[in-house]
file model_3.cif (mmCIF, C-alpha atoms)
data_query
#
loop_
_atom_site.label_atom_id
_atom_site.label_comp_id
_atom_site.auth_asym_id
_atom_site.auth_seq_id
_atom_site.Cartn_x
_atom_site.Cartn_y
_atom_site.Cartn_z
CA MET M 8 -51.59 38.21 69.30
CA ALA M 9 -52.64 41.83 69.71
CA GLY M 10 -56.35 41.11 69.43
CA LYS M 11 -59.01 40.58 66.79
CA ARG M 12 -59.86 43.39 64.38
CA ARG M 13 -63.58 42.93 64.02
CA SER M 14 -64.04 46.43 62.57
CA PHE M 15 -61.66 45.58 59.75
CA ALA M 16 -63.54 42.36 59.00
CA GLU M 17 -66.92 44.12 59.11
CA ARG M 18 -65.68 46.82 56.72
CA ARG M 19 -64.39 44.17 54.36
CA LYS M 20 -67.78 42.43 54.37
CA ALA M 21 -69.63 45.74 53.93
CA CYS M 22 -67.59 46.39 50.79
CA GLY M 23 -68.75 43.07 49.38
CA TYR M 24 -65.59 41.05 49.84
CA THR M 25 -65.20 37.59 51.27
CA GLN M 26 -61.81 36.79 52.78
CA GLU M 27 -61.08 34.83 49.61
CA SER M 28 -62.02 37.60 47.16
CA PHE M 29 -60.29 40.29 49.24
CA ALA M 30 -57.11 38.21 49.27
CA GLU M 31 -57.34 37.82 45.50
CA ALA M 32 -57.79 41.58 45.04
CA MET M 33 -54.74 42.20 47.23
CA GLY M 34 -52.63 39.52 45.57
CA VAL M 35 -52.08 37.62 48.82
CA ASP M 36 -53.18 34.29 50.31
CA ARG M 37 -56.51 34.05 52.05
CA THR M 38 -54.57 33.01 55.19
CA THR M 39 -52.84 36.42 55.16
CA VAL M 40 -56.19 38.24 55.34
CA TYR M 41 -57.29 35.83 58.06
CA ARG M 42 -54.17 36.71 60.10
CA TRP M 43 -54.71 40.45 59.56
CA GLU M 44 -58.22 40.15 60.96
CA ARG M 45 -57.02 38.04 63.86
CA GLY M 46 -54.38 40.59 64.74
CA GLU M 47 -51.68 37.97 64.19
CA ALA M 48 -49.94 40.04 61.50
CA ASP M 49 -49.96 43.61 60.18
CA PRO M 50 -50.21 44.64 56.54
CA GLN M 51 -46.95 45.90 55.12
CA PRO M 52 -46.66 49.69 54.59
CA HIS M 53 -46.72 49.29 50.81
CA GLN M 54 -49.98 47.29 51.07
CA ARG M 55 -51.92 49.84 53.09
CA PRO M 56 -52.78 52.29 50.26
CA LYS M 57 -54.32 49.47 48.24
CA ILE M 58 -56.23 48.20 51.29
CA ALA M 59 -57.59 51.69 51.91
CA LYS M 60 -58.69 51.96 48.29
CA LEU M 61 -60.45 48.58 48.32
CA LEU M 62 -62.20 49.40 51.60
CA LYS M 63 -63.04 52.93 50.40
CA THR M 64 -61.48 54.60 53.38
CA THR M 65 -58.70 57.02 54.38
CA ALA M 66 -55.30 56.20 55.82
CA ASN M 67 -56.36 57.47 59.27
CA GLU M 68 -59.57 55.49 59.19
CA LEU M 69 -57.64 52.40 58.13
CA ASP M 70 -55.43 52.76 61.21
CA ARG M 71 -58.58 52.72 63.33
CA LEU M 72 -59.89 49.63 61.53
CA LEU M 73 -56.60 47.85 62.17
CA ALA M 74 -56.64 48.64 65.88
CA PRO M 75 -57.41 45.61 68.10
CA ASP M 76 -60.94 45.29 69.45
CA SER M 77 -61.76 46.30 72.98
CA PRO M 78 -63.27 43.60 75.19
CA ALA M 79 -67.05 43.74 75.16
CA PRO M 80 -69.78 41.80 76.93
CA VAL M 81 -71.49 39.12 74.87
CA ALA M 82 -75.28 38.92 74.88
CA VAL M 83 -76.70 35.52 73.91
CA ASN M 84 -80.05 35.66 72.13
CA SER M 85 -81.62 33.34 69.59
CA TRP M 86 -79.34 31.58 67.16
CA SER M 87 -79.49 29.18 64.23
CA VAL M 88 -77.12 26.73 62.65
CA SER M 89 -76.90 25.97 58.94
CA ARG M 90 -75.55 22.44 58.86
CA GLY M 91 -72.26 22.06 57.04
CA VAL M 92 -71.78 25.75 56.17
CA ALA M 93 -68.55 27.32 57.37
CA ASP M 94 -68.74 31.12 57.40
CA ASP M 95 -66.70 33.68 59.34
CA ASP M 96 -69.20 33.76 62.21
CA GLU M 97 -69.10 29.99 62.66
CA LEU M 98 -65.33 29.91 62.79
CA ASP M 99 -65.35 32.87 65.23
CA ALA M 100 -67.52 30.78 67.54
CA TRP M 101 -65.17 27.84 67.22
CA GLU M 102 -62.25 30.10 68.06
CA LEU M 103 -63.94 31.28 71.26
CA ALA M 104 -64.65 27.71 72.34
CA ARG M 105 -61.06 26.70 71.57
CA ARG M 106 -59.62 29.43 73.75
CA VAL M 107 -61.37 28.24 76.89
CA GLU M 108 -59.92 24.75 76.51
CA ALA M 109 -56.63 23.71 78.09
CA SER M 110 -54.88 23.25 74.75
CA ASP M 111 -54.51 25.69 71.89
CA VAL M 112 -56.26 23.00 69.86
CA GLY M 113 -58.43 20.94 72.21
CA ALA M 114 -60.49 17.81 71.80
CA GLN M 115 -63.70 19.69 71.04
CA SER M 116 -62.14 21.62 68.16
CA LEU M 117 -60.85 18.37 66.65
CA GLU M 118 -64.22 16.67 67.04
CA ARG M 119 -65.95 19.60 65.33
CA LEU M 120 -63.49 19.50 62.46
CA GLU M 121 -63.95 15.76 62.01
CA ARG M 122 -67.75 16.15 62.00
CA ALA M 123 -67.44 19.06 59.59
CA PHE M 124 -65.40 16.94 57.18
CA ASP M 125 -67.97 14.13 57.35
CA ASP M 126 -70.69 16.67 56.51
CA LEU M 127 -68.66 17.98 53.56
CA ALA M 128 -68.01 14.46 52.24
CA THR M 129 -71.72 13.72 52.63
CA ALA M 130 -72.64 16.90 50.75
CA TYR M 131 -70.29 16.03 47.86
CA PRO M 132 -72.73 13.99 45.73
CA VAL M 133 -75.50 16.60 45.90
CA THR M 134 -73.68 19.96 46.01
CA PRO M 135 -72.25 21.88 43.04
CA PRO M 136 -68.45 21.49 43.32
CA GLN M 137 -67.74 25.23 43.13
CA ASP M 138 -69.99 25.80 46.16
CA LEU M 139 -68.56 22.97 48.23
CA LEU M 140 -65.01 24.06 47.44
CA GLN M 141 -65.54 27.39 49.22
CA ARG M 142 -66.45 25.53 52.39
CA VAL M 143 -63.48 23.18 52.10
CA ARG M 144 -61.15 26.19 51.77
CA ARG M 145 -62.49 27.77 54.96
CA TYR M 146 -62.04 24.64 57.04
CA SER M 147 -58.59 24.03 55.56
CA SER M 148 -57.53 27.54 56.55
CA TYR M 149 -58.77 26.90 60.08
CA VAL M 150 -56.65 23.74 60.27
CA VAL M 151 -53.61 25.72 59.11
CA GLY M 152 -54.20 28.18 61.93
CA LEU M 153 -54.43 25.41 64.52
CA LEU M 154 -51.25 23.76 63.27
CA GLY M 155 -49.39 26.91 64.25
CA GLY M 156 -50.57 26.73 67.87
CA LYS M 157 -49.46 24.71 70.88
CA LYS M 158 -50.67 21.14 70.81
CA THR M 159 -49.90 17.62 71.97
CA LEU M 160 -48.38 15.02 69.65
CA SER M 161 -51.76 13.28 69.47
CA GLU M 162 -53.53 16.53 68.55
CA HIS M 163 -50.86 17.26 65.94
CA ARG M 164 -51.48 13.90 64.26
CA GLN M 165 -55.25 14.39 64.35
CA LEU M 166 -54.85 17.78 62.67
CA LEU M 167 -52.67 16.20 59.99
CA VAL M 168 -55.34 13.56 59.39
CA VAL M 169 -58.27 15.96 59.10
CA GLY M 170 -56.11 18.30 57.01
CA GLY M 171 -55.28 15.37 54.75
CA TRP M 172 -58.94 14.49 54.29
CA LEU M 173 -59.83 18.12 53.53
CA SER M 174 -56.97 18.42 51.02
CA LEU M 175 -58.11 15.19 49.34
CA LEU M 176 -61.70 16.38 49.05
CA GLY M 177 -60.49 19.75 47.76
CA ALA M 178 -58.43 17.96 45.10
CA THR M 179 -61.47 15.93 44.06
CA LEU M 180 -63.52 19.12 43.66
CA HIS M 181 -60.76 20.77 41.60
CA ILE M 182 -60.70 17.68 39.37
CA ASP M 183 -64.48 17.91 38.95
CA LEU M 184 -64.02 21.54 37.88
CA LYS M 185 -61.05 20.69 35.60
CA GLN M 186 -58.73 22.94 37.63
CA GLU M 187 -55.65 20.84 37.06
CA GLN M 188 -52.89 22.79 38.83
CA SER M 189 -54.94 23.29 41.97
CA ALA M 190 -55.93 19.63 41.97
CA THR M 191 -52.29 18.57 41.74
CA ALA M 192 -51.25 20.87 44.58
CA ARG M 193 -53.98 19.63 46.88
CA LEU M 194 -53.30 15.98 46.06
CA GLN M 195 -49.61 16.44 46.81
CA THR M 196 -50.50 18.10 50.10
CA ALA M 197 -52.89 15.28 50.99
CA VAL M 198 -50.21 12.66 50.28
CA THR M 199 -47.65 14.55 52.38
CA LEU M 200 -50.03 14.86 55.33
CA ALA M 201 -51.10 11.22 55.03
CA ARG M 202 -47.53 9.98 55.10
CA GLU M 203 -46.59 12.29 57.97
CA ALA M 204 -49.57 10.98 59.95
CA GLU M 205 -48.94 7.39 58.77
CA HIS M 206 -52.53 7.22 57.52
CA ALA M 207 -52.60 4.57 54.78
CA GLU M 208 -56.26 5.03 53.85
CA ILE M 209 -55.88 8.70 52.93
CA GLU M 210 -52.77 7.90 50.88
CA ALA M 211 -54.62 5.10 49.07
CA TRP M 212 -57.51 7.45 48.30
CA CYS M 213 -55.02 9.94 46.83
CA TYR M 214 -53.79 7.36 44.32
CA GLU M 215 -57.36 6.32 43.53
CA THR M 216 -58.33 9.95 42.97
CA GLU M 217 -55.39 10.47 40.63
CA ALA M 218 -56.42 7.30 38.81
CA TRP M 219 -59.85 8.82 38.19
CA ARG M 220 -58.27 12.03 36.92
CA VAL M 221 -56.02 10.33 34.36
CA LEU M 222 -58.90 8.07 33.33
CA THR M 223 -60.99 11.14 32.44
CA ASP M 224 -58.00 12.34 30.39
CA GLY M 225 -57.98 9.07 28.44
CA ASP M 226 -54.84 7.48 29.93
CA TYR M 227 -56.43 4.15 30.80
CA VAL M 228 -53.18 2.22 31.26
CA ARG M 229 -51.93 4.75 33.82
CA ALA M 230 -55.34 4.72 35.52
CA ALA M 231 -55.11 0.95 35.98
CA GLU M 232 -51.56 1.26 37.36
CA LEU M 233 -52.52 3.94 39.87
CA SER M 234 -55.54 1.91 40.94
CA ARG M 235 -53.34 -1.09 41.66
CA THR M 236 -50.94 1.11 43.64
CA ALA M 237 -53.87 2.34 45.73
CA GLN M 238 -54.91 -1.27 46.36
CA SER M 239 -51.41 -2.16 47.53
CA ILE M 240 -51.49 0.66 50.10
CA ALA M 241 -55.07 0.31 51.38
CA SER M 242 -55.80 -2.01 54.28
CA ALA M 243 -58.12 -4.99 53.88
CA GLY M 244 -61.78 -4.25 54.42
CA THR M 245 -61.49 -0.50 53.81
CA SER M 246 -63.56 1.64 51.48
CA ALA M 247 -60.33 2.81 49.83
CA LEU M 248 -59.51 -0.75 48.78
CA ILE M 249 -62.99 -1.31 47.32
CA GLN M 250 -63.02 2.01 45.46
CA ALA M 251 -59.54 1.44 44.04
CA THR M 252 -60.63 -2.00 42.80
CA ALA M 253 -63.72 -0.47 41.20
CA GLN M 254 -61.52 2.16 39.55
CA GLU M 255 -59.27 -0.52 38.11
CA GLY M 256 -62.36 -2.24 36.72
CA ARG M 257 -63.43 0.92 34.93
CA ALA M 258 -59.95 1.44 33.48
CA ARG M 259 -59.88 -2.19 32.33
CA ALA M 260 -63.28 -1.73 30.69
CA ARG M 261 -62.02 1.23 28.69
CA LEU M 262 -59.05 -0.89 27.59
CA GLY M 263 -61.37 -3.70 26.52
CA HIS M 264 -59.90 -6.17 29.03
CA GLY M 265 -63.04 -8.25 29.55
CA LYS M 266 -61.66 -10.93 31.87
CA GLU M 267 -59.94 -8.43 34.17
CA THR M 268 -63.00 -6.18 34.16
CA TYR M 269 -65.38 -8.93 35.29
CA SER M 270 -62.85 -10.03 37.91
CA ALA M 271 -62.74 -6.51 39.34
CA ILE M 272 -66.54 -6.27 39.40
CA ASP M 273 -66.74 -9.59 41.24
CA ARG M 274 -64.14 -8.55 43.82
CA VAL M 275 -65.90 -5.23 44.42
CA GLN M 276 -69.21 -7.00 44.92
CA LYS M 277 -67.77 -9.44 47.46
CA MET M 278 -65.89 -6.77 49.43
CA SER M 279 -68.86 -4.42 49.36
CA ASP M 280 -71.22 -7.12 50.67
CA ALA M 281 -68.78 -7.91 53.48
CA LEU M 282 -68.49 -4.25 54.42
CA GLY M 283 -72.23 -3.89 54.96
CA LEU M 284 -74.28 -0.73 55.03
CA PRO M 285 -72.78 2.43 56.58
CA ASP M 286 -74.83 4.83 58.68
CA ARG M 287 -75.57 7.03 55.66
CA PRO M 288 -75.66 4.82 52.53
CA MET M 289 -74.65 6.43 49.22
CA GLU M 290 -73.89 9.70 50.97
CA HIS M 291 -70.35 9.84 52.35
CA HIS M 292 -67.94 10.06 49.43
CA TYR M 293 -65.24 8.08 51.27
CA GLN M 294 -67.47 5.30 52.62
CA TYR M 295 -68.34 2.55 50.18
CA ASP M 296 -71.60 0.58 50.29
CA PRO M 297 -73.52 -1.93 48.13
CA ALA M 298 -75.62 0.81 46.53
CA LYS M 299 -72.48 2.46 45.15
CA SER M 300 -71.39 -0.91 43.79
CA LEU M 301 -74.56 -0.98 41.69
CA ALA M 302 -73.78 2.40 40.12
CA TYR M 303 -70.15 1.54 39.41
CA THR M 304 -71.17 -1.77 37.86
CA ALA M 305 -73.53 0.04 35.51
CA THR M 306 -70.77 2.38 34.32
CA THR M 307 -68.15 -0.36 34.01
CA LEU M 308 -70.38 -2.69 31.99
CA ALA M 309 -71.56 0.18 29.78
CA TRP M 310 -67.94 1.01 28.95
CA LEU M 311 -67.22 -2.63 28.22
CA GLY M 312 -70.22 -2.76 25.87
CA ASP M 313 -72.04 -5.40 27.92
CA SER M 314 -75.82 -5.17 27.46
CA ALA M 315 -76.26 -6.17 31.11
CA ALA M 316 -75.40 -2.55 31.94
CA GLU M 317 -78.97 -1.57 31.04
CA GLY M 318 -80.50 -3.43 33.97
CA TYR M 319 -78.00 -1.97 36.44
CA ALA M 320 -78.44 1.59 35.13
CA ARG M 321 -82.24 1.36 35.24
CA GLU M 322 -82.09 0.00 38.79
CA VAL M 323 -79.92 2.93 39.88
CA ILE M 324 -82.38 5.39 38.34
CA SER M 325 -85.43 3.69 39.83
CA ARG M 326 -83.86 3.58 43.30
CA LEU M 327 -82.69 7.19 43.33
CA ASN M 328 -85.42 8.79 41.25
CA PRO M 329 -88.57 6.71 41.74
CA GLY M 330 -90.94 9.53 40.83
CA GLY M 331 -89.12 10.43 37.66
CA GLU M 332 -89.34 14.20 38.23
CA SER M 333 -87.03 15.19 41.08
CA THR M 334 -84.30 13.46 43.02
CA ASN M 335 -82.07 13.84 46.05
CA TRP M 336 -79.21 12.42 43.97
CA PRO M 337 -79.22 14.42 40.71
CA ARG M 338 -75.55 13.81 39.89
CA ARG M 339 -75.82 10.04 40.32
CA VAL M 340 -79.02 9.89 38.28
CA ALA M 341 -77.39 11.94 35.51
CA SER M 342 -74.45 9.53 35.42
CA ALA M 343 -76.78 6.53 35.29
CA ASN M 344 -78.68 8.09 32.38
CA ILE M 345 -75.40 8.49 30.48
CA ASP M 346 -74.63 4.82 31.12
CA LEU M 347 -78.11 3.91 29.95
CA ALA M 348 -77.76 5.99 26.79
CA LEU M 349 -74.47 4.28 25.91
CA VAL M 350 -75.83 0.77 26.23
CA LEU M 351 -79.05 1.63 24.38
CA LEU M 352 -77.05 3.12 21.51
CA ALA M 353 -75.02 -0.08 21.31
CA GLY M 354 -78.31 -1.98 21.04
CA SER M 355 -79.65 0.41 18.36
CA ARG M 356 -82.53 1.54 20.59
CA LEU M 357 -81.93 5.06 19.39
CA ASP M 358 -85.02 6.97 20.57
CA GLU M 359 -84.63 5.71 24.12
CA ALA M 360 -80.90 6.44 24.05
CA CYS M 361 -81.44 10.05 22.96
CA ASP M 362 -84.08 10.54 25.65
CA ALA M 363 -81.75 9.26 28.38
CA ALA M 364 -78.87 11.42 27.13
CA GLN M 365 -81.10 14.50 26.99
CA LYS M 366 -82.20 13.94 30.58
CA ALA M 367 -78.60 13.69 31.75
CA ILE M 368 -77.36 16.77 29.92
CA LEU M 369 -80.32 19.00 30.73
CA SER M 370 -80.16 18.08 34.42
CA GLY M 371 -77.26 20.51 34.76
CA ARG M 372 -75.60 18.07 37.17
CA VAL M 373 -72.92 16.62 34.89
CA VAL M 374 -69.74 18.10 36.37
CA PRO M 375 -66.95 19.29 34.00
CA SER M 376 -64.80 16.21 34.70
CA ASN M 377 -67.66 14.09 33.29
CA HIS M 378 -68.45 16.23 30.24
CA TRP M 379 -66.42 13.83 28.10
CA ARG M 380 -68.84 11.04 28.95
CA ALA M 381 -71.80 13.10 27.77
CA LEU M 382 -69.87 14.10 24.65
CA GLU M 383 -69.30 10.44 23.79
CA VAL M 384 -73.06 9.97 23.58
CA VAL M 385 -73.53 13.16 21.54
CA LYS M 386 -70.89 12.08 19.02
CA ALA M 387 -72.39 8.60 18.76
CA VAL M 388 -75.82 10.11 18.01
CA GLU M 389 -74.27 12.45 15.43
CA ALA M 390 -72.42 9.56 13.78
CA ARG M 391 -75.74 7.82 13.20
CA LYS M 392 -77.19 11.06 11.73
CA LEU M 393 -80.20 10.85 13.99
CA PRO M 394 -82.75 13.72 13.87
CA GLU M 395 -82.19 14.33 17.60
CA ALA M 396 -78.50 15.09 17.03
CA PRO M 397 -78.77 18.92 16.63
CA ASP M 398 -80.85 19.33 19.78
CA LEU M 399 -78.54 17.07 21.73
CA ARG M 400 -75.46 18.94 20.51
CA GLU M 401 -77.06 22.28 21.44
CA ALA M 402 -77.84 21.00 24.94
CA TYR M 403 -74.28 19.74 25.35
CA GLU M 404 -72.73 23.03 24.19
CA GLY M 405 -74.84 24.84 26.77
CA LEU M 406 -73.57 22.47 29.44
CA ALA M 407 -69.95 22.94 28.32
CA GLN M 408 -70.30 26.72 28.23
CA GLU M 409 -71.67 26.74 31.78
CA GLY M 410 -68.71 24.63 32.90
CA ARG M 411 -66.20 27.02 31.28
CA SER M 412 -67.80 30.04 32.97
CA ARG M 413 -67.30 28.64 36.49
#

call {"tool": "encode", "arguments": {"input": "model_3.cif", "output": "structure tokens"}}
result
Amino acid sequence: MAGKRRSFAERRKACGYTQESFAEAMGVDRTTVYRWERGEADPQPHQRPKIAKLLKTTANELDRLLAPDSPAPVAVNSWSVSRGVADDDELDAWELARRVEASDVGAQSLERLERAFDDLATAYPVTPPQDLLQRVRRYSSYVVGLLGGKKTLSEHRQLLVVGGWLSLLGATLHIDLKQEQSATARLQTAVTLAREAEHAEIEAWCYETEAWRVLTDGDYVRAAELSRTAQSIASAGTSALIQATAQEGRARARLGHGKETYSAIDRVQKMSDALGLPDRPMEHHYQYDPAKSLAYTATTLAWLGDSAAEGYAREVISRLNPGGESTNWPRRVASANIDLALVLLAGSRLDEACDAAQKAILSGRVVPSNHWRALEVVKAVEARKLPEAPDLREAYEGLAQEGRSR
């Protein structure tokens, strides 16, 4: 590698481009821009005029920007860390630490990546998906770079595993944003990496995630099949097995299979109790716990039309939003309010149902993949010709418009 081109990167930032947006403007992958700035590759001659135009510079000045940096002393002053945020400066620091280790990868780099993934998975329930996706992309690109370096067989497998987890989370975020092609690509990548690393849990989560996607599209039979496939792959006692069982229960509920639905709920409850509480309950997206079981039970029973869903939904809301005004879990509370609205509508408690639905929709935390659930409530209110129907429809259209603009 000839050397990093910090001047090029600084010019790109000064012109208002991230690596992602600059790559899009150039019609190349973000990894290509990353390699240009690392000095690992040179832009092709036909690309240089467009680069110069985007960076508002001349051909001669561009040559200077593409020259490798000269070594310079590093002064260490005060610093700060924003937990879980991966920007260019953070990854630059990681790169420096990696280079002083014996391997091109190194144990410390792998540990940082694993911690970073845990932070991303923990941020999932409380972070807008479009924001979290940017961070997942940056870490995934860093993994790609490390896979091209020298490494031991053990390090190679660890990179495949963390890359698989990142691809899986990225797919989940694309599903939340209804970005179908990107979701499919990332899921396929996650499955490939999981199989290469012989990591059954990631592969099981991939099938469970696809089950959720087809469930949101209304293919409940396929969702149940995929959930059972995930269960057959997952090891006993794992979060993947519990989540896949819960997903089957939800698909069964939509199909009206009462016996199978209650069986799934019972199995989830028993496995969840045996698993115990993780270090960060209800936070890590890929670690199940009894509190999650409560939320999934509320949704499953609401879809089955069981009035017992009301008690579960209200308990979720009271646990996560005890004050009634703000919450650390806005997405989960919004989902519980949708469940509550459904069961209240079934019981003809119409005013309460409309109030719960309004809270969910106006929270702004119903992700695009869950808009259909909110729309079910809106249509049910409209079918009853309730006076709240126009206001509820207006709120929903605002939510849908915001989702389309992302």

call {"tool": "resolve_selection", "arguments": {"input": "model_3.cif", "expression": "the PyMOL selection byres ((chain M and resi 388-395) around 12)", "output": "ChimeraX atom specification"}}
result
/M:348-349,351-353,355-365,381-387,396-402

call {"tool": "atom_distance", "arguments": {"input": "model_3.cif", "atom1": "atom CA of Arg142 of chain M", "atom2": "atom CA of Leu173 of chain M"}}
result
10.0 Å

call {"tool": "resolve_selection", "arguments": {"input": "model_3.cif", "expression": "the PyMOL selection byres ((chain M and resi 323) around 12)", "output": "JSON list (two decimals) with C-alpha atoms, keeping the file's coordinate frame"}}
result
[["chain", "number", "residue", "atom", "x", "y", "z"],
["M", 289, "MET", "CA", -74.65, 6.43, 49.22],
["M", 297, "PRO", "CA", -73.52, -1.93, 48.13],
["M", 298, "ALA", "CA", -75.62, 0.81, 46.53],
["M", 299, "LYS", "CA", -72.48, 2.46, 45.15],
["M", 300, "SER", "CA", -71.39, -0.91, 43.79],
["M", 301, "LEU", "CA", -74.56, -0.98, 41.69],
["M", 302, "ALA", "CA", -73.78, 2.40, 40.12],
["M", 303, "TYR", "CA", -70.15, 1.54, 39.41],
["M", 304, "THR", "CA", -71.17, -1.77, 37.86],
["M", 305, "ALA", "CA", -73.53, 0.04, 35.51],
["M", 306, "THR", "CA", -70.77, 2.38, 34.32],
["M", 316, "ALA", "CA", -75.40, -2.55, 31.94],
["M", 317, "GLU", "CA", -78.97, -1.57, 31.04],
["M", 318, "GLY", "CA", -80.50, -3.43, 33.97],
["M", 319, "TYR", "CA", -78.00, -1.97, 36.44],
["M", 320, "ALA", "CA", -78.44, 1.59, 35.13],
["M", 321, "ARG", "CA", -82.24, 1.36, 35.24],
["M", 322, "GLU", "CA", -82.09, 0.00, 38.79],
["M", 324, "ILE", "CA", -82.38, 5.39, 38.34],
["M", 325, "SER", "CA", -85.43, 3.69, 39.83],
["M", 326, "ARG", "CA", -83.86, 3.58, 43.30],
["M", 327, "LEU", "CA", -82.69, 7.19, 43.33],
["M", 328, "ASN", "CA", -85.42, 8.79, 41.25],
["M", 329, "PRO", "CA", -88.57, 6.71, 41.74],
["M", 334, "THR", "CA", -84.30, 13.46, 43.02],
["M", 336, "TRP", "CA", -79.21, 12.42, 43.97],
["M", 337, "PRO", "CA", -79.22, 14.42, 40.71],
["M", 338, "ARG", "CA", -75.55, 13.81, 39.89],
["M", 339, "ARG", "CA", -75.82, 10.04, 40.32],
["M", 340, "VAL", "CA", -79.02, 9.89, 38.28],
["M", 341, "ALA", "CA", -77.39, 11.94, 35.51],
["M", 342, "SER", "CA", -74.45, 9.53, 35.42],
["M", 343, "ALA", "CA", -76.78, 6.53, 35.29],
["M", 344, "ASN", "CA", -78.68, 8.09, 32.38],
["M", 345, "ILE", "CA", -75.40, 8.49, 30.48],
["M", 346, "ASP", "CA", -74.63, 4.82, 31.12],
["M", 347, "LEU", "CA", -78.11, 3.91, 29.95]]

call {"tool": "closest_residue", "arguments": {"input": "model_3.cif", "among": "M:Glu409, M:Asp296, M:Glu27, M:Glu118", "to": "Ser148 of chain M", "atoms": "all atoms listed in the file"}}
result
M:Glu27

call {"tool": "resolve_selection", "arguments": {"input": "model_3.cif", "expression": "the PyMOL selection byres ((chain M and resi 309-311) around 6)", "output": "PyMOL selection string"}}
result
chain M and resi 260-261+306-308+312-313+316+346+350

call {"tool": "closest_residue", "arguments": {"input": "model_3.cif", "among": "M:Ile182, M:Leu262, M:Leu248, M:Val150", "to": "Ala230 of chain M", "atoms": "all atoms listed in the file"}}
result
M:Leu262

call {"tool": "axis_aligned_box", "arguments": {"input": "model_3.cif", "around": "segment 351-366 of chain M", "padding_each_side": "6 Å", "output": "lines of an AutoDock Vina configuration file"}}
result
center_x = -80.0
center_y = 6.3
center_z = 24.5
size_x = 22.0
size_y = 28.5
size_z = 24.2

call {"tool": "atom_distance", "arguments": {"input": "model_3.cif", "atom1": "atom CA of Gly265 of chain M", "atom2": "atom CA of Val221 of chain M"}}
result
20.4 Å

call {"tool": "residues_near_point", "arguments": {"input": "model_3.cif", "point": "(-57.5, 35.3, 50.7)", "cutoff": "12 Å", "atoms": "all atoms listed in the file", "output": "PyMOL selection string"}}
result
chain M and resi 19+24-44+141+144-145+148

call {"tool": "residues_around", "arguments": {"input": "model_3.cif", "residues": "Trp212 of chain M", "least_positions_apart": "5", "cutoff": "12 Å", "atoms": "all atoms listed in the file", "output": "NGL selection string"}}
result
:M and (171-172 or 174-176 or 178-179 or 194 or 197-198 or 201 or 206-207 or 217-219 or 233-242 or 245-252 or 254 or 292-294)

call {"tool": "residues_around", "arguments": {"input": "model_3.cif", "residues": "Gln165 of chain M", "least_positions_apart": "3", "cutoff": "8 Å", "atoms": "all atoms listed in the file", "output": "list in words"}}
result
Leu117, Ser161, Glu162, Val168, Val169 and Ala204 of chain M

call {"tool": "decode", "arguments": {"input": "model_3.cif", "residues": "segment 55-66 of chain M", "atoms": "N, CA and C atoms", "output": "mmCIF file, in the first residue's frame"}}
result
data_model
loop_
_atom_site.group_PDB
_atom_site.id
_atom_site.type_symbol
_atom_site.label_atom_id
_atom_site.label_comp_id
_atom_site.auth_asym_id
_atom_site.auth_seq_id
_atom_site.Cartn_x
_atom_site.Cartn_y
_atom_site.Cartn_z
ATOM 1 N N ARG M 55 -11.171 10.331 -13.076
ATOM 2 C CA ARG M 55 -10.545 11.502 -12.448
ATOM 3 C C ARG M 55 -11.259 12.819 -12.771
ATOM 4 N N PRO M 56 -11.698 13.059 -14.013
ATOM 5 C CA PRO M 56 -12.408 14.333 -14.253
ATOM 6 C C PRO M 56 -13.659 14.485 -13.386
ATOM 7 N N LYS M 57 -14.393 13.384 -13.197
ATOM 8 C CA LYS M 57 -15.600 13.472 -12.374
ATOM 9 C C LYS M 57 -15.238 13.693 -10.907
ATOM 10 N N ILE M 58 -14.153 13.042 -10.443
ATOM 11 C CA ILE M 58 -13.707 13.255 -9.063
ATOM 12 C C ILE M 58 -13.343 14.715 -8.851
ATOM 13 N N ALA M 59 -12.585 15.276 -9.815
ATOM 14 C CA ALA M 59 -12.172 16.676 -9.702
ATOM 15 C C ALA M 59 -13.384 17.603 -9.661
ATOM 16 N N LYS M 60 -14.396 17.285 -10.449
ATOM 17 C CA LYS M 60 -15.602 18.121 -10.466
ATOM 18 C C LYS M 60 -16.327 18.053 -9.137
ATOM 19 N N LEU M 61 -16.477 16.828 -8.590
ATOM 20 C CA LEU M 61 -17.175 16.672 -7.312
ATOM 21 C C LEU M 61 -16.428 17.356 -6.174
ATOM 22 N N LEU M 62 -15.099 17.295 -6.225
ATOM 23 C CA LEU M 62 -14.289 17.898 -5.163
ATOM 24 C C LEU M 62 -13.945 19.355 -5.446
ATOM 25 N N LYS M 63 -14.467 19.883 -6.573
ATOM 26 C CA LYS M 63 -14.282 21.301 -6.926
ATOM 27 C C LYS M 63 -12.799 21.671 -6.963
ATOM 28 N N THR M 64 -12.072 20.903 -7.749
ATOM 29 C CA THR M 64 -10.633 21.127 -7.808
ATOM 30 C C THR M 64 -10.144 20.919 -9.231
ATOM 31 N N THR M 65 -8.854 21.203 -9.474
ATOM 32 C CA THR M 65 -8.250 21.042 -10.791
ATOM 33 C C THR M 65 -7.578 19.682 -10.885
ATOM 34 N N ALA M 66 -7.181 19.315 -12.103
ATOM 35 C CA ALA M 66 -6.497 18.049 -12.300
ATOM 36 C C ALA M 66 -5.180 18.005 -11.536
#
